[in-house]
>>> print(open('coords_29.tsv').read())   # TSV, C-alpha atoms
chain	number	residue	atom	x	y	z
A	1	MET	CA	78.74	98.74	135.79
A	2	THR	CA	80.93	100.02	138.61
A	3	SER	CA	83.17	102.94	137.66
A	4	GLU	CA	85.09	104.45	134.78
A	5	THR	CA	88.52	105.97	134.21
A	6	ASN	CA	89.93	108.41	131.65
A	7	LYS	CA	92.99	106.28	130.95
A	8	PRO	CA	93.12	102.98	129.10
A	9	ILE	CA	93.15	100.10	131.56
A	10	HIS	CA	94.45	97.45	129.16
A	11	PHE	CA	93.37	95.65	126.05
A	12	LYS	CA	92.75	92.27	127.67
A	13	ALA	CA	89.00	92.79	127.37
A	14	LEU	CA	89.45	93.27	123.62
A	15	THR	CA	91.13	89.88	123.51
A	16	GLY	CA	88.18	88.41	125.41
A	17	ILE	CA	85.67	89.97	123.01
A	18	ARG	CA	87.34	88.01	120.21
A	19	ALA	CA	86.14	84.83	121.91
A	20	VAL	CA	82.61	86.23	122.06
A	21	ALA	CA	82.74	87.03	118.33
A	22	ALA	CA	83.97	83.51	117.54
A	23	ILE	CA	81.20	81.96	119.65
A	24	MET	CA	78.62	84.11	117.86
A	25	ILE	CA	79.82	82.76	114.52
A	26	PHE	CA	79.72	79.18	115.84
A	27	VAL	CA	76.12	79.71	117.00
A	28	TYR	CA	75.23	81.19	113.62
A	29	HIS	CA	76.57	78.19	111.71
A	30	ASN	CA	74.77	75.72	113.98
A	31	ARG	CA	71.49	77.60	114.47
A	32	LYS	CA	69.65	75.48	111.91
A	33	TYR	CA	70.05	72.41	114.12
A	34	TRP	CA	68.20	74.12	116.96
A	35	LYS	CA	65.49	75.90	114.96
A	36	ASN	CA	62.67	73.71	116.32
A	37	GLU	CA	63.67	74.35	119.93
A	38	LEU	CA	64.38	78.09	119.63
A	39	HIS	CA	61.77	80.82	119.96
A	40	PRO	CA	61.26	82.39	116.51
A	41	GLU	CA	62.49	85.80	117.69
A	42	LEU	CA	65.63	84.30	119.20
A	43	PHE	CA	66.21	82.40	115.96
A	44	ARG	CA	65.79	85.72	114.10
A	45	LEU	CA	68.58	87.18	116.25
A	46	PHE	CA	70.84	84.14	115.75
A	47	ASN	CA	70.28	84.50	112.01
A	48	GLU	CA	72.34	87.70	112.20
A	49	PHE	CA	75.13	86.32	114.40
A	50	ASN	CA	77.31	86.01	111.32
A	51	LEU	CA	77.93	89.71	111.93
A	52	GLY	CA	80.29	88.64	114.69
A	53	VAL	CA	82.85	88.76	111.87
A	54	GLN	CA	82.38	92.54	111.80
A	55	LEU	CA	83.57	92.70	115.43
A	56	PHE	CA	86.87	91.30	114.17
A	57	PHE	CA	86.98	93.91	111.39
A	58	VAL	CA	86.44	96.89	113.71
A	59	LEU	CA	88.91	95.44	116.20
A	60	SER	CA	91.53	95.01	113.46
A	61	GLY	CA	91.07	98.63	112.42
A	62	PHE	CA	91.58	99.81	115.99
A	63	LEU	CA	94.59	97.62	116.79
A	64	ILE	CA	96.46	98.26	113.54
A	65	ALA	CA	95.93	102.02	113.79
A	66	LYS	CA	96.95	101.98	117.46
A	67	SER	CA	100.01	99.81	116.89
A	68	TYR	CA	101.40	101.16	113.62
A	69	GLY	CA	99.70	104.37	112.55
A	70	SER	CA	101.24	105.53	109.29
A	71	ARG	CA	104.81	104.57	110.32
A	72	PRO	CA	105.10	101.68	107.81
A	73	LEU	CA	105.08	104.29	105.04
A	74	ALA	CA	108.37	105.77	106.28
A	75	SER	CA	110.28	103.60	103.82
A	76	THR	CA	109.91	100.57	101.60
A	77	SER	CA	111.70	98.41	104.16
A	78	SER	CA	109.40	99.65	106.94
A	79	TYR	CA	106.35	98.71	104.91
A	80	CYS	CA	107.77	95.28	104.03
A	81	LYS	CA	108.63	94.68	107.67
A	82	TYR	CA	105.10	95.63	108.70
A	83	PHE	CA	103.38	93.51	106.06
A	84	CYS	CA	105.58	90.46	106.68
A	85	GLN	CA	104.65	90.64	110.34
A	86	ARG	CA	100.97	90.57	109.42
A	87	ILE	CA	101.56	87.63	107.06
A	88	PHE	CA	103.30	85.60	109.75
A	89	ARG	CA	100.56	86.46	112.22
A	90	ILE	CA	97.73	85.26	109.98
A	91	MET	CA	98.86	82.94	107.23
A	92	PRO	CA	100.88	79.99	108.68
A	93	LEU	CA	97.92	78.38	110.48
A	94	TYR	CA	95.68	78.91	107.45
A	95	TRP	CA	98.33	77.37	105.17
A	96	LEU	CA	98.67	74.39	107.52
A	97	LEU	CA	94.93	73.66	107.55
A	98	LEU	CA	94.61	74.30	103.81
A	99	SER	CA	97.46	71.87	103.11
A	100	LEU	CA	95.85	69.21	105.31
A	101	TYR	CA	92.65	69.72	103.33
A	102	TYR	CA	94.41	69.24	99.98
A	103	ILE	CA	96.41	66.15	100.96
A	104	ASP	CA	93.30	64.44	102.35
A	105	PRO	CA	91.92	62.13	99.60
A	106	ALA	CA	88.39	62.53	100.98
A	107	PHE	CA	88.52	66.32	100.58
A	108	GLY	CA	91.04	68.19	98.40
A	109	ASN	CA	92.54	64.99	96.95
A	110	TYR	CA	95.84	66.74	96.04
A	111	ASN	CA	94.12	69.30	93.77
A	112	PHE	CA	96.23	72.15	95.12
A	113	SER	CA	95.16	75.68	94.23
A	114	ILE	CA	97.69	78.52	94.24
A	115	PRO	CA	94.93	81.21	94.34
A	116	HIS	CA	93.67	79.68	97.59
A	117	TYR	CA	97.14	79.81	99.13
A	118	LEU	CA	97.36	83.48	98.12
A	119	LEU	CA	93.78	84.17	99.33
A	120	LEU	CA	92.81	85.34	95.86
A	121	GLN	CA	89.66	83.21	96.00
A	122	GLY	CA	88.21	85.79	98.37
A	123	PHE	CA	87.82	88.18	95.43
A	124	SER	CA	85.71	85.65	93.51
A	125	SER	CA	82.03	85.06	94.25
A	126	GLU	CA	82.37	81.70	92.51
A	127	HIS	CA	85.24	80.36	94.64
A	128	ALA	CA	85.16	82.40	97.88
A	129	LEU	CA	83.65	79.60	99.97
A	130	GLU	CA	85.78	76.73	98.64
A	131	ALA	CA	88.22	74.64	100.74
A	132	ILE	CA	88.39	76.54	104.08
A	133	ALA	CA	85.13	78.40	103.49
A	134	GLN	CA	85.58	81.04	106.18
A	135	SER	CA	88.91	82.13	104.67
A	136	TRP	CA	87.01	84.72	102.58
A	137	SER	CA	87.32	87.03	105.58
A	138	LEU	CA	91.11	86.54	105.63
A	139	THR	CA	91.19	88.05	102.15
A	140	VAL	CA	89.32	91.04	103.55
A	141	GLU	CA	91.74	91.29	106.50
A	142	MET	CA	94.91	91.02	104.39
A	143	THR	CA	93.60	93.63	101.94
A	144	PHE	CA	93.00	95.95	104.88
A	145	TYR	CA	96.54	95.35	106.15
A	146	ALA	CA	97.87	96.35	102.73
A	147	PHE	CA	95.96	99.64	102.71
A	148	ALA	CA	95.94	100.44	106.45
A	149	PRO	CA	99.06	102.67	106.59
A	150	VAL	CA	97.74	104.72	103.64
A	151	LEU	CA	94.34	105.07	105.29
A	152	MET	CA	95.98	106.15	108.54
A	153	LEU	CA	98.07	108.77	106.74
A	154	LEU	CA	94.95	110.15	105.05
A	155	LEU	CA	93.05	110.07	108.34
A	156	GLN	CA	95.78	112.12	110.02
A	157	LYS	CA	95.38	114.73	107.31
A	158	ARG	CA	91.62	114.88	106.79
A	159	LEU	CA	88.76	112.41	107.22
A	160	GLN	CA	87.29	113.38	103.86
A	161	TYR	CA	90.39	112.03	102.13
A	162	VAL	CA	89.73	108.61	103.64
A	163	PHE	CA	86.17	108.48	102.34
A	164	LEU	CA	87.25	109.72	98.91
A	165	PHE	CA	89.92	107.00	98.77
A	166	LEU	CA	87.41	104.31	99.74
A	167	ILE	CA	84.86	105.50	97.19
A	168	VAL	CA	87.50	105.34	94.46
A	169	LEU	CA	88.60	101.88	95.64
A	170	PHE	CA	85.04	100.57	95.60
A	171	GLY	CA	84.42	102.03	92.16
A	172	PHE	CA	87.67	100.56	90.87
A	173	SER	CA	86.70	97.11	92.18
A	174	LEU	CA	83.38	97.25	90.35
A	175	LEU	CA	85.06	98.58	87.20
A	176	LEU	CA	87.63	95.78	87.29
A	177	GLY	CA	84.90	93.16	87.52
A	178	THR	CA	83.00	94.80	84.64
A	179	ILE	CA	86.06	94.99	82.38
A	180	TRP	CA	86.99	91.39	83.22
A	181	THR	CA	83.46	90.27	82.32
A	182	GLY	CA	83.59	92.12	79.02
A	183	TYR	CA	86.98	90.63	78.19
A	184	ASN	CA	86.31	86.89	78.67
A	185	GLY	CA	83.05	86.56	80.57
A	186	ASN	CA	84.85	86.46	83.95
A	187	PRO	CA	84.04	82.76	84.56
A	188	SER	CA	85.21	82.90	88.19
A	189	LYS	CA	83.19	86.08	88.79
A	190	TYR	CA	86.01	88.14	90.29
A	191	PHE	CA	84.75	91.44	91.76
A	192	MET	CA	81.15	90.74	90.83
A	193	PRO	CA	78.23	90.89	91.35
A	194	PHE	CA	77.68	94.20	93.12
A	195	ASP	CA	76.31	92.69	96.35
A	196	PHE	CA	79.31	90.37	96.65
A	197	VAL	CA	81.75	93.29	96.35
A	198	LEU	CA	79.72	95.25	98.90
A	199	MET	CA	79.36	92.52	101.53
A	200	SER	CA	82.36	90.24	101.03
A	201	THR	CA	85.38	92.34	100.02
A	202	PHE	CA	87.43	94.99	101.77
A	203	SER	CA	86.30	97.75	99.42
A	204	GLY	CA	82.73	97.10	100.58
A	205	GLN	CA	83.47	96.40	104.26
A	206	SER	CA	86.05	99.16	104.67
A	207	LEU	CA	83.80	101.38	106.82
A	208	LEU	CA	84.00	98.80	109.63
A	209	PHE	CA	87.81	99.00	109.67
A	210	VAL	CA	87.72	102.79	109.47
A	211	ALA	CA	85.39	102.87	112.49
A	212	GLY	CA	88.08	101.06	114.48
A	213	MET	CA	90.77	103.42	113.18
A	214	LEU	CA	88.67	106.42	114.23
A	215	LEU	CA	88.41	104.95	117.73
A	216	ALA	CA	92.22	104.78	117.86
A	217	GLN	CA	92.72	108.25	116.35
A	218	TYR	CA	90.09	110.04	118.45
A	219	PRO	CA	89.99	108.21	121.81
A	220	ASN	CA	88.44	111.21	123.59
A	221	PHE	CA	85.34	111.37	121.39
A	222	TRP	CA	83.11	109.48	123.81
A	223	GLN	CA	84.61	111.23	126.82
A	224	LYS	CA	83.35	114.57	125.49
A	225	LEU	CA	79.78	113.34	125.56
A	226	THR	CA	77.65	113.42	128.68
A	227	ILE	CA	76.86	109.73	128.15
A	228	ASP	CA	80.53	108.76	128.44
A	229	LYS	CA	80.08	106.68	131.59
A	230	TYR	CA	77.40	104.60	129.89
A	231	THR	CA	79.33	103.76	126.72
A	232	THR	CA	79.81	100.08	127.61
A	233	ALA	CA	76.11	99.58	128.25
A	234	ILE	CA	75.10	101.67	125.22
A	235	GLY	CA	77.52	99.78	122.98
A	236	CYS	CA	76.60	96.28	124.15
A	237	ILE	CA	72.84	96.78	124.30
A	238	GLY	CA	72.83	98.78	121.08
A	239	PHE	CA	74.84	96.10	119.28
A	240	VAL	CA	72.35	93.36	120.20
A	241	VAL	CA	69.33	95.56	119.46
A	242	ILE	CA	70.66	96.53	116.03
A	243	LEU	CA	71.35	92.88	115.19
A	244	TYR	CA	67.74	92.13	116.07
A	245	CYS	CA	66.47	95.13	114.08
A	246	ILE	CA	68.46	94.02	111.05
A	247	GLY	CA	66.71	90.68	111.46
A	248	TRP	CA	63.33	92.38	111.05
A	249	PHE	CA	63.94	92.53	107.33
A	250	GLN	CA	64.40	88.78	106.89
A	251	ILE	CA	61.69	87.39	104.62
A	252	SER	CA	62.28	83.77	105.64
A	253	ARG	CA	64.16	81.73	108.22
A	254	VAL	CA	67.07	81.23	105.80
A	255	ASP	CA	67.27	84.91	104.86
A	256	HIS	CA	69.42	87.70	106.31
A	257	GLY	CA	68.39	91.26	106.97
A	258	THR	CA	71.55	92.48	105.27
A	259	ASN	CA	70.26	91.05	102.00
A	260	HIS	CA	67.85	94.01	101.91
A	261	TRP	CA	68.56	97.71	101.64
A	262	GLN	CA	66.97	98.53	105.02
A	263	GLY	CA	69.25	96.03	106.75
A	264	LYS	CA	72.25	97.35	104.84
A	265	ILE	CA	71.58	100.89	106.08
A	266	LEU	CA	71.59	99.68	109.69
A	267	PHE	CA	74.64	97.53	109.01
A	268	PHE	CA	76.81	100.23	107.46
A	269	LEU	CA	75.64	103.38	109.23
A	270	VAL	CA	74.45	102.32	112.70
A	271	LEU	CA	76.16	99.06	113.70
A	272	PRO	CA	79.75	100.50	113.62
A	273	PHE	CA	78.65	103.25	116.03
A	274	PHE	CA	77.60	100.76	118.71
A	275	ILE	CA	80.59	98.48	118.15
A	276	THR	CA	83.02	101.35	118.70
A	277	ALA	CA	81.04	102.46	121.75
A	278	MET	CA	81.33	98.95	123.17
A	279	PHE	CA	85.07	98.78	122.47
A	280	HIS	CA	85.63	102.24	123.98
A	281	GLY	CA	83.88	101.15	127.14
A	282	LEU	CA	85.89	97.93	127.35
A	283	ILE	CA	89.12	99.93	127.07
A	284	TYR	CA	88.39	102.88	129.34
A	285	GLN	CA	85.79	101.71	131.85
A	286	ARG	CA	86.02	99.37	134.80
A	287	THR	CA	82.86	97.31	134.53
A	288	TYR	CA	81.81	93.80	135.41
A	289	LEU	CA	81.82	92.96	131.70
A	290	GLN	CA	85.33	94.35	131.29
A	291	ARG	CA	86.52	92.24	134.21
A	292	PHE	CA	84.83	89.12	132.84
A	293	LEU	CA	86.33	89.54	129.37
A	294	SER	CA	89.73	90.16	130.95
A	295	CYS	CA	89.72	86.98	133.04
A	296	GLN	CA	92.24	84.25	132.25
A	297	LEU	CA	89.72	81.94	130.60
A	298	MET	CA	88.34	84.58	128.21
A	299	VAL	CA	91.84	85.83	127.32
A	300	LEU	CA	92.85	82.22	126.62
A	301	LEU	CA	89.82	81.71	124.39
A	302	GLY	CA	90.44	85.08	122.76
A	303	ASN	CA	94.00	84.14	121.91
A	304	ALA	CA	92.77	80.85	120.43
A	305	SER	CA	89.81	82.49	118.65
A	306	PHE	CA	91.55	82.74	115.28
A	307	ALA	CA	92.26	79.01	115.33
A	308	PHE	CA	88.69	78.37	116.48
A	309	TYR	CA	87.38	80.47	113.61
A	310	LEU	CA	89.38	78.39	111.12
A	311	VAL	CA	88.30	75.01	112.52
A	312	HIS	CA	84.69	75.52	113.63
A	313	ILE	CA	83.29	74.69	110.15
A	314	SER	CA	84.68	73.22	106.92
A	315	TYR	CA	87.53	70.74	106.87
A	316	VAL	CA	88.65	70.34	110.50
A	317	ASN	CA	85.11	70.34	111.85
A	318	LEU	CA	83.97	67.74	109.32
A	319	LYS	CA	87.03	65.61	110.03
A	320	LEU	CA	86.42	65.72	113.77
A	321	LYS	CA	82.76	64.78	113.25
A	322	SER	CA	83.85	61.68	111.35
A	323	TRP	CA	85.78	60.54	114.45
A	324	VAL	CA	83.69	61.84	117.35
A	325	PHE	CA	80.50	63.87	117.60
A	326	LEU	CA	79.45	65.18	121.01
A	327	PRO	CA	76.03	66.56	122.06
A	328	ASP	CA	77.35	70.16	122.08
A	329	ARG	CA	78.17	69.77	118.37
A	330	ASN	CA	81.82	69.46	119.37
A	331	PHE	CA	81.87	73.03	120.72
A	332	THR	CA	84.14	72.14	123.65
A	333	LEU	CA	86.31	69.80	121.57
A	334	LEU	CA	86.78	72.48	118.90
A	335	TRP	CA	87.97	74.92	121.56
A	336	LEU	CA	90.45	72.34	122.91
A	337	VAL	CA	91.77	71.75	119.39
A	338	SER	CA	92.01	75.52	118.87
A	339	ILE	CA	93.97	76.04	122.09
A	340	ALA	CA	96.33	73.22	121.08
A	341	LEU	CA	96.82	74.80	117.65
A	342	TYR	CA	97.46	78.19	119.22
A	343	TYR	CA	100.11	76.99	121.67
A	344	GLY	CA	101.50	74.22	119.49
A	345	PHE	CA	101.73	76.02	116.15
A	346	GLU	CA	100.33	79.55	115.79
A	347	LYS	CA	102.14	81.21	118.69
A	348	PRO	CA	105.51	79.38	118.23
A	349	ILE	CA	105.63	80.25	114.51
A	350	TYR	CA	104.93	83.91	115.18
A	351	SER	CA	107.41	84.05	118.06
A	352	TRP	CA	110.03	82.36	115.88
A	353	TYR	CA	109.48	84.94	113.14
A	354	LYS	CA	109.84	87.88	115.54
A	355	ALA	CA	112.96	86.42	117.14
A	356	THR	CA	114.60	85.49	113.83
A	357	PHE	CA	113.60	88.17	111.31
A	358	TYR	CA	111.81	91.04	112.95
A	359	LYS	CA	114.94	92.74	114.33
>>> encode(input="coords_29.tsv", output="structure tokens")
Amino acid sequence: MTSETNKPIHFKALTGIRAVAAIMIFVYHNRKYWKNELHPELFRLFNEFNLGVQLFFVLSGFLIAKSYGSRPLASTSSYCKYFCQRIFRIMPLYWLLLSLYYIDPAFGNYNFSIPHYLLLQGFSSEHALEAIAQSWSLTVEMTFYAFAPVLMLLLQKRLQYVFLFLIVLFGFSLLLGTIWTGYNGNPSKYFMPFDFVLMSTFSGQSLLFVAGMLLAQYPNFWQKLTIDKYTTAIGCIGFVVILYCIGWFQISRVDHGTNHWQGKILFFLVLPFFITAMFHGLIYQRTYLQRFLSCQLMVLLGNASFAFYLVHISYVNLKLKSWVFLPDRNFTLLWLVSIALYYGFEKPIYSWYKATFYK
């Protein structure tokens, strides 16, 4: 750590942290292949690296609040313009990979599913991990985008209104699942069981997004504390330590600490604190970590991290393995494919949308 400043430097480091989150998730999904070589305590930590997804959630809350605030609610056209921009930022690459999955006889075999194209499967515990398995988190993201301007408006008025809204939303989700079950048995298990709603839907994960929105709304919070100059170190070290502490509650090597109430308490009440501290430090402080995450390579990987997230498991990964399988479990190859997808499809589509429709 070298020095700090009271003004935002830039958000390049937040782009770089996206690459770190994506790598964490890759390590999590491949940890089982290294379990015999890893120290048990390191394996315990890697068992919780799936929580790299929550870095994306907090970051989304911060960036959406910082970029839009409650302005999309100014009119119906403003809201439509805002939401269409989010759709074109997220959905085209997902639709491309999903379509490739369905037209491949060895995978989807032309059994197209409209709910999967609309991300409705993310509300169902029965179907959430089908096709592009990791797309469950896109359902969470898109639901947040839908509610974000409302949350920001409530946050600008009073924080209590935000929590009341989220409590009602969570209760409504559970009630909907219960009514659906009573009506026809709810064969696809939409909005049930309780733990699925809590850990895999926006109504359950909303506190992570709100933590990011609070960071955008109250940027001086950390600066008022005497520990302000240590926020990067506190955030980064605290994040890793809390992941490890959550892992204490695993009862086996295939378990997760968040499956138990002790781990859930740390997850919901403590983890967001350290994530926002880390992000605050990366925005406002000049540190060696901030410089590293802002370098060209990390920014490149950060920009390609969404593509990497969509290809690192499921269809694309399995397809690549059928052609070539390298000792690093195709880690480098997956990043090269992701960069190609970013520059060859994701970025051009989004740029085309902004140039053609956004005005």
>>> atom_distance(input="coords_29.tsv", atom1="atom CA of Ser351 of chain A", atom2="atom CA of Tyr68 of chain A")
18.7 Å
>>> closest_residue(input="coords_29.tsv", among="A:Arg89, A:Lys35, A:Lys12, A:Arg44", to="Gln296 of chain A", atoms="only C-alpha atoms")
A:Lys12
>>> residues_near_point(input="coords_29.tsv", point="(75.5, 94.8, 91.6)", cutoff="12 Å", atoms="all atoms listed in the file", output="PyMOL selection string")
chain A and resi 170-171+173-175+177-178+189+191-199+204
>>> residues_around(input="coords_29.tsv", residues="Ile275 of chain A", least_positions_apart="5", cutoff="8 Å", atoms="all atoms listed in the file", output="MDAnalysis selection string")
chainID A and resid 55 58 235:236 239
>>> write_last_selection(input="coords_29.tsv", atoms="C-alpha atoms", output="PDB file, keeping the file's coordinate frame")
ATOM      1  CA  LEU A  55      83.570  92.700 115.430  1.00  0.00           C
ATOM      2  CA  VAL A  58      86.440  96.890 113.710  1.00  0.00           C
ATOM      3  CA  GLY A 235      77.520  99.780 122.980  1.00  0.00           C
ATOM      4  CA  CYS A 236      76.600  96.280 124.150  1.00  0.00           C
ATOM      5  CA  PHE A 239      74.840  96.100 119.280  1.00  0.00           C
TER       6      PHE A 239
END
>>> atom_distance(input="coords_29.tsv", atom1="atom CA of Phe292 of chain A", atom2="atom CA of Leu14 of chain A")
11.1 Å
>>> atom_distance(input="coords_29.tsv", atom1="atom CA of Phe147 of chain A", atom2="atom CA of Met91 of chain A")
17.5 Å
>>> closest_residue(input="coords_29.tsv", among="A:Glu346, A:Glu141, A:Glu48, A:Asp328", to="Phe249 of chain A", atoms="only C-alpha atoms")
A:Glu48
>>> residues_around(input="coords_29.tsv", residues="Leu208 of chain A", least_positions_apart="3", cutoff="10 Å", atoms="only C-alpha atoms", output="NGL selection string")
:A and (54-62 or 202 or 204-205 or 211-213 or 267-269 or 271-273 or 275-276)
>>> write_last_selection(input="coords_29.tsv", atoms="C-alpha atoms", output="short mmCIF file (atom, residue, chain, number, x, y, z; two decimals), in the coordinates of the input")
data_model
loop_
_atom_site.label_atom_id
_atom_site.label_comp_id
_atom_site.auth_asym_id
_atom_site.auth_seq_id
_atom_site.Cartn_x
_atom_site.Cartn_y
_atom_site.Cartn_z
CA GLN A 54 82.38 92.54 111.80
CA LEU A 55 83.57 92.70 115.43
CA PHE A 56 86.87 91.30 114.17
CA PHE A 57 86.98 93.91 111.39
CA VAL A 58 86.44 96.89 113.71
CA LEU A 59 88.91 95.44 116.20
CA SER A 60 91.53 95.01 113.46
CA GLY A 61 91.07 98.63 112.42
CA PHE A 62 91.58 99.81 115.99
CA PHE A 202 87.43 94.99 101.77
CA GLY A 204 82.73 97.10 100.58
CA GLN A 205 83.47 96.40 104.26
CA ALA A 211 85.39 102.87 112.49
CA GLY A 212 88.08 101.06 114.48
CA MET A 213 90.77 103.42 113.18
CA PHE A 267 74.64 97.53 109.01
CA PHE A 268 76.81 100.23 107.46
CA LEU A 269 75.64 103.38 109.23
CA LEU A 271 76.16 99.06 113.70
CA PRO A 272 79.75 100.50 113.62
CA PHE A 273 78.65 103.25 116.03
CA ILE A 275 80.59 98.48 118.15
CA THR A 276 83.02 101.35 118.70
#
>>> residues_around(input="coords_29.tsv", residues="Gln250 of chain A", least_positions_apart="6", cutoff="12 Å", atoms="only C-alpha atoms", output="mmCIF file with C-alpha atoms, in the frame of the given file")
data_model
loop_
_atom_site.group_PDB
_atom_site.id
_atom_site.type_symbol
_atom_site.label_atom_id
_atom_site.label_comp_id
_atom_site.auth_asym_id
_atom_site.auth_seq_id
_atom_site.Cartn_x
_atom_site.Cartn_y
_atom_site.Cartn_z
ATOM 1 C CA PRO A 40 61.260 82.390 116.510
ATOM 2 C CA GLU A 41 62.490 85.800 117.690
ATOM 3 C CA PHE A 43 66.210 82.400 115.960
ATOM 4 C CA ARG A 44 65.790 85.720 114.100
ATOM 5 C CA LEU A 45 68.580 87.180 116.250
ATOM 6 C CA PHE A 46 70.840 84.140 115.750
ATOM 7 C CA ASN A 47 70.280 84.500 112.010
ATOM 8 C CA GLU A 48 72.340 87.700 112.200
ATOM 9 C CA LEU A 243 71.350 92.880 115.190
ATOM 10 C CA TYR A 244 67.740 92.130 116.070
ATOM 11 C CA HIS A 256 69.420 87.700 106.310
ATOM 12 C CA GLY A 257 68.390 91.260 106.970
ATOM 13 C CA THR A 258 71.550 92.480 105.270
ATOM 14 C CA ASN A 259 70.260 91.050 102.000
ATOM 15 C CA HIS A 260 67.850 94.010 101.910
ATOM 16 C CA TRP A 261 68.560 97.710 101.640
ATOM 17 C CA GLN A 262 66.970 98.530 105.020
ATOM 18 C CA GLY A 263 69.250 96.030 106.750
ATOM 19 C CA LYS A 264 72.250 97.350 104.840
#
>>> closest_residue(input="coords_29.tsv", among="A:Trp95, A:Tyr145, A:Trp335, A:Phe209", to="Val53 of chain A", atoms="all atoms listed in the file")
A:Phe209
>>> closest_residue(input="coords_29.tsv", among="A:Ser314, A:Tyr161, A:Asn303, A:Phe308", to="Leu129 of chain A", atoms="only C-alpha atoms")
A:Ser314
>>> residues_around(input="coords_29.tsv", residues="Phe345 of chain A", least_positions_apart="4", cutoff="9 Å", atoms="all atoms listed in the file", output="MDAnalysis selection string")
chainID A and resid 92:93 340:341 349:350
>>> closest_residue(input="coords_29.tsv", among="A:Phe163, A:Gln217, A:Phe172, A:Tyr315", to="Ile103 of chain A", atoms="all atoms listed in the file")
A:Tyr315
>>> residues_around(input="coords_29.tsv", residues="Leu155 of chain A", least_positions_apart="3", cutoff="10 Å", atoms="all atoms listed in the file", output="PyMOL selection string")
chain A and resi 69-70+149-152+158-163+210+213-214+217
>>> closest_residue(input="coords_29.tsv", among="A:Val337, A:Leu51, A:Leu73, A:Leu266", to="Leu153 of chain A", atoms="all atoms listed in the file")
A:Leu73
